[in-house]
file upload.txt (compact mmCIF, C-alpha atoms)
# COMPACT_ATOMS: atom_id res chain seq x y z
CA MET A 1 19.31 64.59 29.54
CA ASN A 2 22.19 65.30 27.19
CA CYS A 3 22.00 67.23 23.94
CA TYR A 4 21.95 64.85 20.99
CA MET A 5 24.31 67.12 19.03
CA CYS A 6 26.96 68.35 21.49
CA ASN A 7 26.21 66.08 24.47
CA THR A 8 25.71 69.11 26.77
CA ILE A 9 23.56 68.45 29.81
CA VAL A 10 20.17 70.12 29.41
CA ASP A 11 17.31 70.29 31.86
CA THR A 12 13.92 71.60 30.80
CA GLU A 13 15.02 73.84 27.94
CA ASP A 14 13.49 73.39 24.51
CA SER A 15 16.82 74.02 22.81
CA CYS A 16 20.43 73.37 23.69
CA PRO A 17 22.05 76.38 25.35
CA HIS A 18 25.35 75.42 23.76
CA CYS A 19 24.57 74.45 20.15
CA GLY A 20 20.93 75.49 19.85
CA ALA A 21 19.73 72.05 18.81
CA ASP A 22 16.00 71.28 19.03
CA ILE A 23 15.79 69.48 22.34
CA LYS A 24 11.99 69.55 22.34
CA ALA A 25 11.81 67.28 19.31
CA TYR A 26 14.49 65.10 20.76
CA ARG A 27 12.57 64.83 24.02
CA MET A 28 9.43 63.78 22.09
CA ILE A 29 11.36 61.13 20.25
CA GLU A 30 12.80 59.79 23.46
CA ARG A 31 9.37 59.70 25.03
CA ALA A 32 7.93 57.86 22.05
CA SER A 33 10.73 55.32 22.25
CA VAL A 34 10.09 54.72 25.95
CA GLU A 35 6.35 54.42 25.37
CA SER A 36 6.92 51.89 22.65
CA TYR A 37 9.23 49.95 24.92
CA ASN A 38 6.63 49.93 27.67
CA ASP A 39 4.04 48.74 25.20
CA GLY A 40 6.39 46.02 24.02
CA LEU A 41 7.10 44.95 27.60
CA GLN A 42 3.40 44.80 28.36
CA ARG A 43 2.75 42.66 25.29
CA ALA A 44 5.68 40.40 26.07
CA LYS A 45 4.26 39.79 29.53
CA MET A 46 0.96 38.83 27.92
CA ARG A 47 2.89 36.47 25.60
CA ASP A 48 1.86 38.54 22.62
CA LEU A 49 5.32 38.07 21.14
CA SER A 50 4.48 39.34 17.66
CA GLY A 51 3.03 42.53 19.08
CA ALA A 52 6.02 42.90 21.42
CA ILE A 53 8.46 42.56 18.53
CA GLU A 54 6.56 45.22 16.63
CA SER A 55 6.52 47.64 19.55
CA LEU A 56 10.16 47.07 20.48
CA ASN A 57 11.32 47.54 16.91
CA ARG A 58 9.40 50.80 16.84
CA ALA A 59 11.09 51.85 20.07
CA LEU A 60 14.47 51.18 18.47
CA GLN A 61 13.49 53.12 15.37
CA TYR A 62 12.92 56.12 17.59
CA ASP A 63 16.08 55.59 19.57
CA LYS A 64 18.62 52.92 18.75
CA TYR A 65 20.29 53.47 22.13
CA ASN A 66 17.24 52.23 23.98
CA ILE A 67 19.24 49.30 25.35
CA ALA A 68 16.43 47.91 27.46
CA ALA A 69 14.20 47.73 24.39
CA ARG A 70 16.95 46.03 22.36
CA ASN A 71 17.72 43.46 25.03
CA LEU A 72 14.03 42.71 25.46
CA LEU A 73 13.66 42.41 21.71
CA GLY A 74 16.45 39.83 21.71
CA LEU A 75 14.75 37.92 24.48
CA VAL A 76 11.42 37.96 22.65
CA TYR A 77 13.09 36.72 19.48
CA TYR A 78 14.69 33.93 21.46
CA GLU A 79 11.36 32.93 22.94
CA PHE A 80 9.76 33.14 19.51
CA GLY A 81 12.26 30.55 18.24
CA GLU A 82 14.57 32.92 16.36
CA PRO A 83 17.87 32.52 18.22
CA VAL A 84 20.09 34.16 15.64
CA MET A 85 17.90 37.26 15.59
CA ALA A 86 18.20 37.31 19.38
CA LEU A 87 21.97 37.02 19.14
CA ARG A 88 22.03 39.87 16.66
CA GLU A 89 20.16 42.20 18.99
CA TRP A 90 22.25 41.29 22.01
CA VAL A 91 25.53 41.68 20.14
CA ILE A 92 24.47 45.11 18.83
CA SER A 93 23.29 46.04 22.30
CA LYS A 94 26.66 45.05 23.72
CA ASN A 95 28.42 47.15 21.10
CA LEU A 96 26.28 50.23 21.75
CA ALA A 97 26.59 49.94 25.53
CA PRO A 98 29.60 47.83 26.48
CA LYS A 99 29.37 48.44 30.23
CA GLY A 100 26.68 47.26 32.60
CA ASN A 101 24.67 45.68 29.84
CA TYR A 102 22.34 42.82 30.72
CA ALA A 103 22.93 41.44 27.21
CA ASP A 104 26.16 40.02 28.65
CA HIS A 105 24.07 37.61 30.66
CA PHE A 106 22.10 36.36 27.62
CA LEU A 107 25.18 36.03 25.46
CA GLY A 108 26.97 34.21 28.25
CA GLU A 109 24.08 31.76 28.57
CA ILE A 110 24.21 30.91 24.88
CA GLN A 111 27.94 30.97 24.31
CA HIS A 112 28.98 29.12 27.44
CA GLY A 113 26.16 26.61 27.60
CA PRO A 114 27.39 23.13 26.55
CA GLY A 115 26.50 22.74 22.88
CA ALA A 116 23.75 25.34 23.15
CA LEU A 117 24.85 27.27 20.09
CA ASP A 118 25.25 24.11 18.01
CA LYS A 119 21.81 22.95 19.02
CA LEU A 120 20.29 26.28 18.06
CA ASP A 121 22.10 26.19 14.74
CA ALA A 122 20.98 22.61 14.02
CA THR A 123 17.38 23.58 14.76
CA VAL A 124 17.52 26.50 12.34
CA LYS A 125 19.15 24.37 9.64
CA LYS A 126 16.47 21.71 9.94
CA TYR A 127 13.76 24.34 9.71
CA ASN A 128 15.33 25.79 6.56
CA GLN A 129 15.62 22.29 5.13
CA ALA A 130 11.92 21.77 5.80
CA ILE A 131 11.09 24.94 3.86
CA GLN A 132 13.19 23.62 0.97
CA TYR A 133 11.34 20.32 1.04
CA CYS A 134 8.05 22.19 0.91
CA GLN A 135 9.18 24.20 -2.08
CA GLN A 136 10.26 20.99 -3.82
CA GLY A 137 6.90 19.39 -3.07
CA ASN A 138 8.27 16.81 -0.61
CA ARG A 139 5.66 17.45 2.03
CA ASP A 140 6.23 14.18 3.86
CA LEU A 141 9.93 14.92 4.33
CA ALA A 142 9.09 18.45 5.37
CA ARG A 143 6.74 17.12 8.01
CA ILE A 144 9.38 14.79 9.40
CA GLN A 145 11.92 17.59 9.50
CA LEU A 146 9.53 19.98 11.21
CA LYS A 147 8.69 17.42 13.86
CA LYS A 148 12.40 17.05 14.55
CA VAL A 149 12.68 20.84 14.81
CA LEU A 150 9.84 20.98 17.28
CA ASN A 151 11.40 18.21 19.34
CA MET A 152 14.53 20.33 19.63
CA ASN A 153 12.72 23.62 20.16
CA ALA A 154 9.04 23.33 20.96
CA LYS A 155 8.62 27.11 21.00
CA MET A 156 9.56 27.71 17.39
CA VAL A 157 6.33 29.33 16.28
CA ARG A 158 7.15 29.47 12.58
CA ALA A 159 7.89 25.73 12.50
CA ARG A 160 4.52 25.00 14.10
CA GLN A 161 2.75 27.29 11.67
CA LEU A 162 4.43 25.61 8.71
CA LEU A 163 3.58 22.16 10.03
CA ALA A 164 -0.02 23.26 10.52
CA LEU A 165 -0.08 24.57 6.97
CA LEU A 166 1.12 21.19 5.69
CA TYR A 167 -1.54 19.42 7.74
CA MET A 168 -4.20 21.71 6.35
CA GLN A 169 -2.98 21.16 2.83
CA ASP A 170 -3.40 17.42 3.37
CA GLY A 171 -6.85 17.87 4.90
CA GLU A 172 -5.75 16.96 8.44
CA PHE A 173 -7.43 19.90 10.05
CA GLU A 174 -7.56 18.42 13.54
CA SER A 175 -3.79 17.92 13.61
CA ALA A 176 -3.32 21.42 12.23
CA ARG A 177 -5.56 22.81 14.94
CA LYS A 178 -3.45 21.13 17.64
CA GLU A 179 -0.25 22.58 16.22
CA LEU A 180 -1.79 26.02 16.00
CA ALA A 181 -3.03 25.75 19.56
CA ALA A 182 0.52 24.92 20.68
CA ALA A 183 1.82 27.87 18.64
CA ALA A 184 -0.78 30.10 20.28
CA GLN A 185 0.52 29.13 23.71
CA THR A 186 3.91 30.59 22.77
CA ASP A 187 2.61 33.58 20.84
CA VAL A 188 -0.96 34.43 21.75
CA LYS A 189 -1.84 37.00 19.13
CA ASN A 190 0.23 35.95 16.17
CA PRO A 191 -1.77 37.12 13.13
CA ARG A 192 -0.77 34.13 11.02
CA THR A 193 -1.68 31.66 13.75
CA ILE A 194 -5.04 33.36 14.19
CA HIS A 195 -5.70 33.31 10.46
CA TYR A 196 -4.80 29.64 10.12
CA MET A 197 -6.85 28.78 13.18
CA GLN A 198 -9.92 30.50 11.69
CA VAL A 199 -9.52 28.60 8.44
CA CYS A 200 -8.95 25.40 10.34
CA ARG A 201 -12.04 25.81 12.53
CA GLN A 202 -14.14 26.70 9.52
CA SER A 203 -12.95 23.63 7.63
CA ILE A 204 -13.55 21.37 10.63
CA LYS A 205 -17.03 22.82 10.99
CA GLU A 206 -17.77 22.28 7.32
CA LEU A 207 -16.56 18.71 7.50
CA GLN A 208 -18.65 18.06 10.60
CA ASP A 209 -21.70 19.60 8.95
CA ALA A 210 -21.21 17.46 5.87
CA ALA A 211 -20.79 14.35 8.03
CA ASN A 212 -23.89 15.20 10.07
CA LYS A 213 -25.88 15.86 6.92
CA LYS A 214 -24.82 12.54 5.49
CA LYS A 215 -25.64 10.76 8.73
CA LYS A 216 -28.98 12.48 8.92
CA LYS A 217 -29.75 11.56 5.33
CA LYS A 218 -28.85 7.97 6.04
CA ASN A 219 -30.99 7.81 9.16
CA ASP A 220 -33.82 9.77 7.59
CA LYS A 221 -36.74 7.37 7.68
CA PRO A 222 -39.98 8.08 5.80
CA GLU A 223 -42.55 9.85 7.95
CA TYR A 224 -45.75 8.03 8.58
CA ASN A 225 -48.78 10.01 7.52
CA VAL A 226 -51.47 9.18 10.02
CA ALA A 227 -54.23 10.95 8.14
CA VAL A 228 -53.74 9.07 4.90
CA ASP A 229 -52.44 5.94 6.67
CA THR A 230 -49.71 5.53 4.11
CA ALA A 231 -45.94 5.82 4.38
CA PRO A 232 -44.86 8.47 1.88
CA LEU A 233 -41.53 8.14 0.16
CA PRO A 234 -38.76 10.46 1.35
CA ARG A 235 -38.56 13.66 -0.63
CA GLN A 236 -36.23 13.21 -3.50
CA THR A 237 -35.71 15.24 -6.59
CA ILE A 238 -35.59 13.69 -10.02
CA ILE A 239 -31.88 14.38 -10.30
CA GLU A 240 -31.21 12.68 -6.96
CA ALA A 241 -33.31 9.73 -8.02
CA LEU A 242 -31.39 9.48 -11.30
CA ASP A 243 -28.14 9.77 -9.41
CA SER A 244 -29.08 7.01 -7.00
CA MET A 245 -30.37 4.85 -9.88
CA ARG A 246 -27.19 5.47 -11.78
CA GLY A 247 -25.24 4.51 -8.70
CA GLY A 248 -27.27 1.30 -8.36
CA ILE A 249 -26.73 0.39 -12.01
CA PHE A 250 -23.09 1.12 -11.67
CA ASN A 251 -22.92 -1.12 -8.60
CA ILE A 252 -24.64 -3.95 -10.47
CA ILE A 253 -22.30 -3.63 -13.44
CA PHE A 254 -19.37 -3.47 -11.12
CA GLY A 255 -20.56 -6.61 -9.33
CA VAL A 256 -21.05 -8.45 -12.61
CA VAL A 257 -17.60 -7.48 -13.82
CA ILE A 258 -16.07 -8.62 -10.54
CA GLY A 259 -17.99 -11.89 -10.80
CA LEU A 260 -16.78 -12.46 -14.34
CA LEU A 261 -13.23 -11.73 -13.40
CA VAL A 262 -13.44 -14.13 -10.46
CA THR A 263 -14.92 -16.79 -12.76
CA ILE A 264 -12.28 -16.28 -15.43
CA PHE A 265 -9.29 -16.10 -13.18
CA LEU A 266 -10.25 -18.40 -10.31
CA ILE A 267 -13.00 -20.87 -11.18
CA VAL A 268 -12.27 -21.67 -14.85
CA PRO A 269 -8.63 -22.63 -14.28
CA GLU A 270 -9.72 -24.84 -11.36
CA VAL A 271 -12.34 -26.59 -13.46
CA ARG A 272 -9.92 -26.98 -16.34
CA GLU A 273 -7.30 -28.45 -14.06
CA ASN A 274 -9.81 -30.91 -12.61
CA ALA A 275 -10.84 -31.99 -16.11
CA ASN A 276 -7.21 -32.48 -17.10
CA ASN A 277 -6.60 -34.52 -13.98
CA ARG A 278 -9.64 -36.68 -14.70
CA ALA A 279 -8.55 -37.23 -18.30
CA ALA A 280 -5.05 -38.17 -17.21
CA THR A 281 -6.44 -40.60 -14.62
CA ALA A 282 -8.75 -42.11 -17.21
CA LEU A 283 -5.86 -42.52 -19.63
CA VAL A 284 -3.77 -44.25 -16.98
CA ASP A 285 -6.70 -46.53 -16.13
CA ALA A 286 -7.24 -47.34 -19.79
CA ASN A 287 -3.58 -48.17 -20.24
CA GLU A 288 -3.65 -50.40 -17.20
CA GLU A 289 -6.83 -52.03 -18.45
CA ALA A 290 -5.32 -52.59 -21.89
CA ALA A 291 -2.26 -54.16 -20.33
CA GLY A 292 -4.54 -56.33 -18.20
CA SER A 293 -6.60 -57.33 -21.25
CA ALA A 294 -3.48 -58.40 -23.12
CA SER A 295 -2.41 -60.60 -20.26
CA ASP A 296 -5.98 -61.90 -20.00
CA ALA A 297 -5.95 -62.72 -23.71
CA VAL A 298 -2.74 -64.71 -23.28
CA ALA A 299 -4.20 -66.49 -20.29
CA LEU A 300 -7.44 -67.22 -22.15
CA GLN A 301 -5.51 -68.48 -25.17
CA ALA A 302 -3.58 -70.80 -22.89
CA GLN A 303 -6.85 -71.90 -21.38
CA ILE A 304 -8.30 -72.48 -24.86
CA ASP A 305 -5.26 -74.53 -25.81
CA ASN A 306 -5.54 -76.52 -22.64
CA LEU A 307 -9.23 -77.11 -23.18
CA GLN A 308 -8.61 -77.97 -26.82
CA GLU A 309 -6.04 -80.48 -25.73
CA GLN A 310 -8.47 -81.90 -23.22
CA LEU A 311 -11.10 -81.96 -25.89
CA ASP A 312 -8.79 -83.75 -28.26
CA ASN A 313 -7.98 -86.29 -25.62
CA TYR A 314 -11.62 -86.63 -24.85
CA THR A 315 -12.46 -86.94 -28.54
CA GLY A 316 -9.75 -89.50 -28.90
CA LYS A 317 -11.15 -91.43 -25.98
CA GLY A 318 -14.56 -91.31 -27.62
CA ASP A 319 -13.09 -92.56 -30.80
CA LEU A 320 -11.35 -95.29 -28.83
CA LYS A 321 -14.66 -96.51 -27.48
CA THR A 322 -16.36 -96.22 -30.84
CA SER A 323 -13.42 -97.87 -32.55
CA TYR A 324 -13.62 -100.90 -30.24
CA GLU A 325 -17.42 -101.06 -30.63
CA GLN A 326 -17.19 -100.81 -34.40
CA LEU A 327 -14.38 -103.38 -34.38
CA PHE A 328 -16.53 -105.84 -32.45
CA VAL A 329 -19.53 -105.01 -34.73
CA ALA A 330 -17.35 -105.54 -37.81
CA GLN A 331 -16.05 -108.83 -36.37
CA SER A 332 -19.60 -109.94 -35.59
CA LEU A 333 -20.91 -108.94 -39.03
CA LEU A 334 -17.94 -110.61 -40.67
CA SER A 335 -18.68 -113.83 -38.79
CA GLN A 336 -22.24 -113.58 -40.07
CA GLY A 337 -20.95 -113.09 -43.62
CA ASN A 338 -22.22 -109.57 -44.06
CA SER A 339 -19.09 -108.18 -45.66
CA GLU A 340 -20.46 -104.81 -46.69
CA GLU A 341 -21.85 -103.92 -43.31
CA ALA A 342 -18.71 -105.28 -41.72
CA PHE A 343 -16.58 -103.13 -43.94
CA LEU A 344 -18.61 -100.02 -43.12
CA ALA A 345 -18.26 -100.73 -39.41
CA PHE A 346 -14.59 -101.49 -39.81
CA SER A 347 -14.07 -98.26 -41.68
CA GLN A 348 -15.14 -96.34 -38.58
CA VAL A 349 -12.42 -97.94 -36.48
CA ASN A 350 -9.42 -95.72 -35.67
CA ARG A 351 -6.58 -98.15 -35.64
CA ASP A 352 -4.18 -95.78 -33.92
CA LEU A 353 -6.27 -95.69 -30.83
CA LEU A 354 -6.52 -99.38 -30.39
CA GLY A 355 -4.41 -101.27 -27.93
CA GLU A 356 -2.42 -104.42 -28.59
CA GLY A 357 -5.56 -106.59 -28.32
CA GLY A 358 -7.39 -104.45 -30.90
CA GLN A 359 -4.36 -104.46 -33.18
CA GLY A 360 -4.16 -108.23 -32.87
CA ILE A 361 -7.83 -108.62 -33.89
CA ILE A 362 -7.31 -106.39 -36.88
CA SER A 363 -4.08 -108.12 -38.01
CA GLY A 364 -5.25 -111.65 -37.12
CA THR A 365 -8.91 -112.02 -37.82
CA CYS A 366 -9.80 -109.23 -40.12
CA GLY A 367 -6.39 -108.19 -41.47
CA THR A 368 -6.32 -109.90 -44.81
CA TRP A 369 -9.99 -109.34 -45.41
CA CYS A 370 -9.81 -105.79 -44.54
CA ILE A 371 -6.99 -105.18 -46.97
CA HIS A 372 -8.94 -106.91 -49.67
CA CYS A 373 -12.10 -104.99 -48.87
CA HIS A 374 -10.21 -101.87 -48.64
CA PHE A 375 -9.03 -102.11 -52.19
CA SER A 376 -12.32 -103.35 -53.53
CA PHE A 377 -14.42 -100.78 -51.76
CA GLY A 378 -11.81 -98.10 -51.95
CA ARG A 379 -12.54 -97.39 -55.52
CA ASN A 380 -16.17 -96.51 -54.72
CA ALA A 381 -15.91 -95.23 -51.14
CA GLY A 382 -14.83 -91.74 -49.77
CA GLY A 383 -11.42 -90.51 -48.66
CA ARG A 384 -12.00 -91.12 -44.98
CA THR A 385 -12.44 -94.87 -45.51
CA THR A 386 -9.44 -95.06 -47.76
CA GLN A 387 -7.42 -93.04 -45.40
CA THR A 388 -8.46 -95.06 -42.39
CA ALA A 389 -7.84 -98.32 -44.14
CA GLY A 390 -4.49 -97.09 -45.39
CA LYS A 391 -3.38 -96.56 -41.88
CA MET B 392 -9.41 28.64 1.93
CA ILE B 393 -5.66 29.01 2.16
CA ASP B 394 -3.53 29.17 -0.97
CA PHE B 395 -0.72 26.85 0.01
CA GLU B 396 1.82 28.19 -2.47
CA GLU B 397 1.15 31.79 -1.51
CA GLU B 398 1.36 31.02 2.17
CA LEU B 399 4.54 29.07 1.65
CA LYS B 400 6.18 32.12 0.12
CA LYS B 401 5.64 33.95 3.41
CA PHE B 402 7.87 31.47 5.24
CA GLN B 403 11.38 32.78 4.79
CA PRO B 404 14.42 30.76 5.94
CA SER B 405 15.73 31.65 9.38
CA ILE B 406 19.16 33.18 9.69
CA GLU B 407 21.74 30.52 10.54
CA VAL B 408 24.53 31.07 13.07
CA ALA B 409 27.10 31.17 10.26
CA ASP B 410 25.25 34.14 8.79
CA ALA B 411 24.91 35.96 12.11
CA GLU B 412 27.83 38.27 11.34
CA ASP B 413 26.21 39.46 8.13
CA ALA B 414 22.93 39.87 9.93
CA ILE B 415 24.55 42.10 12.53
CA GLN B 416 26.38 44.18 9.97
CA ASN B 417 23.33 44.61 7.76
CA ARG B 418 21.08 45.66 10.61
CA ASP B 419 19.83 49.15 9.85
CA LEU B 420 20.55 51.15 12.93
CA THR B 421 19.29 54.48 11.66
CA ASP B 422 16.85 55.99 14.13
CA MET B 423 14.84 59.16 14.36
CA VAL B 424 17.55 60.82 16.41
CA ASP B 425 19.93 60.34 13.49
CA ILE B 426 17.37 61.92 11.20
CA LEU B 427 16.92 64.78 13.64
CA LYS B 428 20.66 65.28 13.71
CA GLU B 429 20.72 65.36 9.91
CA ILE B 430 17.94 67.94 9.86
CA THR B 431 19.65 70.07 12.50
CA MET B 432 22.99 69.97 10.67
CA GLU B 433 21.29 70.79 7.38
CA ARG B 434 19.52 73.72 9.00
CA LYS B 435 22.80 74.98 10.52
CA ARG B 436 24.55 74.64 7.17
CA LYS B 437 21.88 76.68 5.47
CA SER B 438 21.91 79.40 8.11
call {"tool": "encode", "arguments": {"input": "upload.txt", "output": "structure tokens"}}
result
Amino acid sequence: MNCYMCNTIVDTEDSCPHCGADIKAYRMIERASVESYNDGLQRAKMRDLSGAIESLNRALQYDKYNIAARNLLGLVYYEFGEPVMALREWVISKNLAPKGNYADHFLGEIQHGPGALDKLDATVKKYNQAIQYCQQGNRDLARIQLKKVLNMNAKMVRARQLLALLYMQDGEFESARKELAAAAQTDVKNPRTIHYMQVCRQSIKELQDAANKKKKKKNDKPEYNVAVDTAPLPRQTIIEALDSMRGGIFNIIFGVVIGLLVTIFLIVPEVRENANNRAATALVDANEEAAGSASDAVALQAQIDNLQEQLDNYTGKGDLKTSYEQLFVAQSLLSQGNSEEAFLAFSQVNRDLLGEGGQGIISGTCGTWCIHCHFSFGRNAGGRTTQTAGK
Amino acid sequence: MIDFEEELKKFQPSIEVADAEDAIQNRDLTDMVDILKEITMERKRKS
């Protein structure tokens, strides 16, 4: 051992023979540093990384030249997912002991590995970004970022803890538990992981208890009382009964409101549309019917005219027959000398309807007499006779 | 139950590679041997 003041080699003395420095205290400090290093090494082997970091830092606080402790501390940091902290320790170690230092190996691995340093840096940046997202309240983005971080470095304990915290905050305790279990595989006795895990288990248990209670309540059938032979109602307090009744009333009101809304927004417009369609169809039918009626009226009028014409012809034909009959009666009465009766019969003759024979009878036999009678009787007789005779 | 905001405060950003130099320089390397040296020198000065 060398004196810490003058670097003189000392053996078992309690003070330096050269400068008189307190070697005993120095020896105790050195021993404490080595013990702490051993403790840290033991913990690191048990994957208690947090404990190892604590012990190794203590070892370095006793003696900063404990190179083995510093190199191991760097390695533990690296395993813990803190690569820059690891680099720091290895660089310092290299500076304190430039020759024969195993830190060269670690630094070489990181610096000469293809893109290793960039990857480590990107991981750290993403983790920091995730913390920023959390602080800004963007938990979804933080989750995404943390998952990316863990894809790049699955051993980053702090990222897993933060992701678990986010899961817990959102009530996803099972996912949080999985993340914490993965974190615990890297660092077995991390106090934060243990704390979160306890909270997580407790919350899961509470949720399960609540679910079981609810299930039990649902499946709780009334017990059959054999002695009384009646099925008693399940035990229920007045408040619970009121609550359930209130819930039932609320459900009914809710159902009614939904029904009304469905009626207003779905059924009524449909009915209204159907009614409009029916009215439009009826209007079209009525228009068509009216158009048909008009054409029918024209057709009927034509039919009436036709029939009227036929009737006129028929009437004329009747008159023709009557005229000839009356003409012959008048001729017969005239031959018998009954002028008045003959005139009356002759007055019923329609001269226009008679043929040439009839006209000849009138102009030949009865012509002169008729004219005479016409004027003599015309003064006392009606218009029809006068008119007929005039013709 | 966990207070999310309080727990979140415990998560400090990791040191990035660009800040590694500062991290190395700011590392407190004082150990007990340094303190012992100080004490010894102080004692010598007084005597």
call {"tool": "interface_residues", "arguments": {"input": "upload.txt", "of": "chain A", "to": "chain B", "cutoff": "9 Å", "atoms": "only C-alpha atoms", "output": "PyMOL selection string"}}
result
chain A and resi 4-5+21-22+25-26+29-30+60-64+82-85+87-89+91-92+117-118+120-122+124-125+127-129+131-132+134-135+158+162+165-166+168-169+196+199+203
call {"tool": "atom_distance", "arguments": {"input": "upload.txt", "atom1": "atom CA of Ile264 of chain A", "atom2": "atom CA of Asn276 of chain A"}}
result
17.1 Å
call {"tool": "atom_distance", "arguments": {"input": "upload.txt", "atom1": "atom CA of Ser36 of chain A", "atom2": "atom CA of Arg70 of chain A"}}
result
11.6 Å
call {"tool": "residues_around", "arguments": {"input": "upload.txt", "residues": "Met156 of chain A", "least_positions_apart": "4", "cutoff": "12 Å", "atoms": "all atoms listed in the file", "output": "NGL selection string"}}
result
(:A and (49 or 76-83 or 120 or 123-124 or 126-127 or 146-152 or 160-163 or 179-180 or 182-187)) or (:B and (405))
call {"tool": "residues_near_point", "arguments": {"input": "upload.txt", "point": "(17.5, 69.1, 29.0)", "cutoff": "12 Å", "atoms": "all atoms listed in the file", "output": "CSV table (one decimal) with C-alpha atoms, in the coordinates of the input"}}
result
chain,number,residue,atom,x,y,z
A,1,MET,CA,19.3,64.6,29.5
A,2,ASN,CA,22.2,65.3,27.2
A,3,CYS,CA,22.0,67.2,23.9
A,4,TYR,CA,22.0,64.8,21.0
A,7,ASN,CA,26.2,66.1,24.5
A,8,THR,CA,25.7,69.1,26.8
A,9,ILE,CA,23.6,68.4,29.8
A,10,VAL,CA,20.2,70.1,29.4
A,11,ASP,CA,17.3,70.3,31.9
A,12,THR,CA,13.9,71.6,30.8
A,13,GLU,CA,15.0,73.8,27.9
A,14,ASP,CA,13.5,73.4,24.5
A,15,SER,CA,16.8,74.0,22.8
A,16,CYS,CA,20.4,73.4,23.7
A,17,PRO,CA,22.0,76.4,25.4
A,18,HIS,CA,25.4,75.4,23.8
A,20,GLY,CA,20.9,75.5,19.8
A,21,ALA,CA,19.7,72.0,18.8
A,22,ASP,CA,16.0,71.3,19.0
A,23,ILE,CA,15.8,69.5,22.3
A,24,LYS,CA,12.0,69.6,22.3
A,25,ALA,CA,11.8,67.3,19.3
A,26,TYR,CA,14.5,65.1,20.8
A,27,ARG,CA,12.6,64.8,24.0
A,28,MET,CA,9.4,63.8,22.1
A,30,GLU,CA,12.8,59.8,23.5
call {"tool": "closest_residue", "arguments": {"input": "upload.txt", "among": "A:Asp140, A:Gly115, A:Lys94, A:Lys189", "to": "Gly51 of chain A", "atoms": "all atoms listed in the file"}}
result
A:Lys189
call {"tool": "atom_distance", "arguments": {"input": "upload.txt", "atom1": "atom CA of Leu283 of chain A", "atom2": "atom CA of Leu266 of chain A"}}
result
26.2 Å
call {"tool": "residues_around", "arguments": {"input": "upload.txt", "residues": "Glu174 of chain A", "least_positions_apart": "6", "cutoff": "9 Å", "atoms": "all atoms listed in the file", "output": "ChimeraX atom specification"}}
result
/A:167-168,200-201,204
call {"tool": "closest_residue", "arguments": {"input": "upload.txt", "among": "A:Gln202, A:Gln348, A:Asn66, A:Gln208", "to": "Lys321 of chain A", "atoms": "only C-alpha atoms"}}
result
A:Gln348
call {"tool": "build_atoms", "arguments": {"input": "upload.txt", "residues": "segment 417-428 of chain B", "atoms": "N, CA and C atoms", "output": "JSON list (two decimals), in the frame of the given file"}}
result
[["chain", "number", "residue", "atom", "x", "y", "z"],
["B", 417, "ASN", "N", 24.37, 44.06, 8.64],
["B", 417, "ASN", "CA", 23.33, 44.61, 7.76],
["B", 417, "ASN", "C", 22.14, 45.20, 8.52],
["B", 418, "ARG", "N", 22.18, 45.12, 9.82],
["B", 418, "ARG", "CA", 21.08, 45.66, 10.61],
["B", 418, "ARG", "C", 21.07, 47.18, 10.47],
["B", 419, "ASP", "N", 19.95, 47.69, 10.02],
["B", 419, "ASP", "CA", 19.83, 49.15, 9.85],
["B", 419, "ASP", "C", 19.64, 49.79, 11.22],
["B", 420, "LEU", "N", 20.61, 50.55, 11.60],
["B", 420, "LEU", "CA", 20.55, 51.15, 12.93],
["B", 420, "LEU", "C", 20.17, 52.63, 12.89],
["B", 421, "THR", "N", 19.71, 53.07, 11.75],
["B", 421, "THR", "CA", 19.29, 54.48, 11.66],
["B", 421, "THR", "C", 18.02, 54.69, 12.47],
["B", 422, "ASP", "N", 18.05, 55.69, 13.35],
["B", 422, "ASP", "CA", 16.85, 55.99, 14.13],
["B", 422, "ASP", "C", 16.44, 57.44, 13.90],
["B", 423, "MET", "N", 15.37, 57.81, 14.57],
["B", 423, "MET", "CA", 14.84, 59.16, 14.36],
["B", 423, "MET", "C", 15.80, 60.24, 14.89],
["B", 424, "VAL", "N", 16.58, 59.86, 15.88],
["B", 424, "VAL", "CA", 17.55, 60.82, 16.41],
["B", 424, "VAL", "C", 18.59, 61.13, 15.35],
["B", 425, "ASP", "N", 18.98, 60.11, 14.60],
["B", 425, "ASP", "CA", 19.93, 60.34, 13.49],
["B", 425, "ASP", "C", 19.32, 61.28, 12.46],
["B", 426, "ILE", "N", 18.06, 61.07, 12.19],
["B", 426, "ILE", "CA", 17.37, 61.92, 11.20],
["B", 426, "ILE", "C", 17.29, 63.36, 11.72],
["B", 427, "LEU", "N", 17.00, 63.45, 13.03],
["B", 427, "LEU", "CA", 16.92, 64.78, 13.64],
["B", 427, "LEU", "C", 18.27, 65.49, 13.58],
["B", 428, "LYS", "N", 19.31, 64.72, 13.81],
["B", 428, "LYS", "CA", 20.66, 65.28, 13.71],
["B", 428, "LYS", "C", 20.91, 65.78, 12.29]]
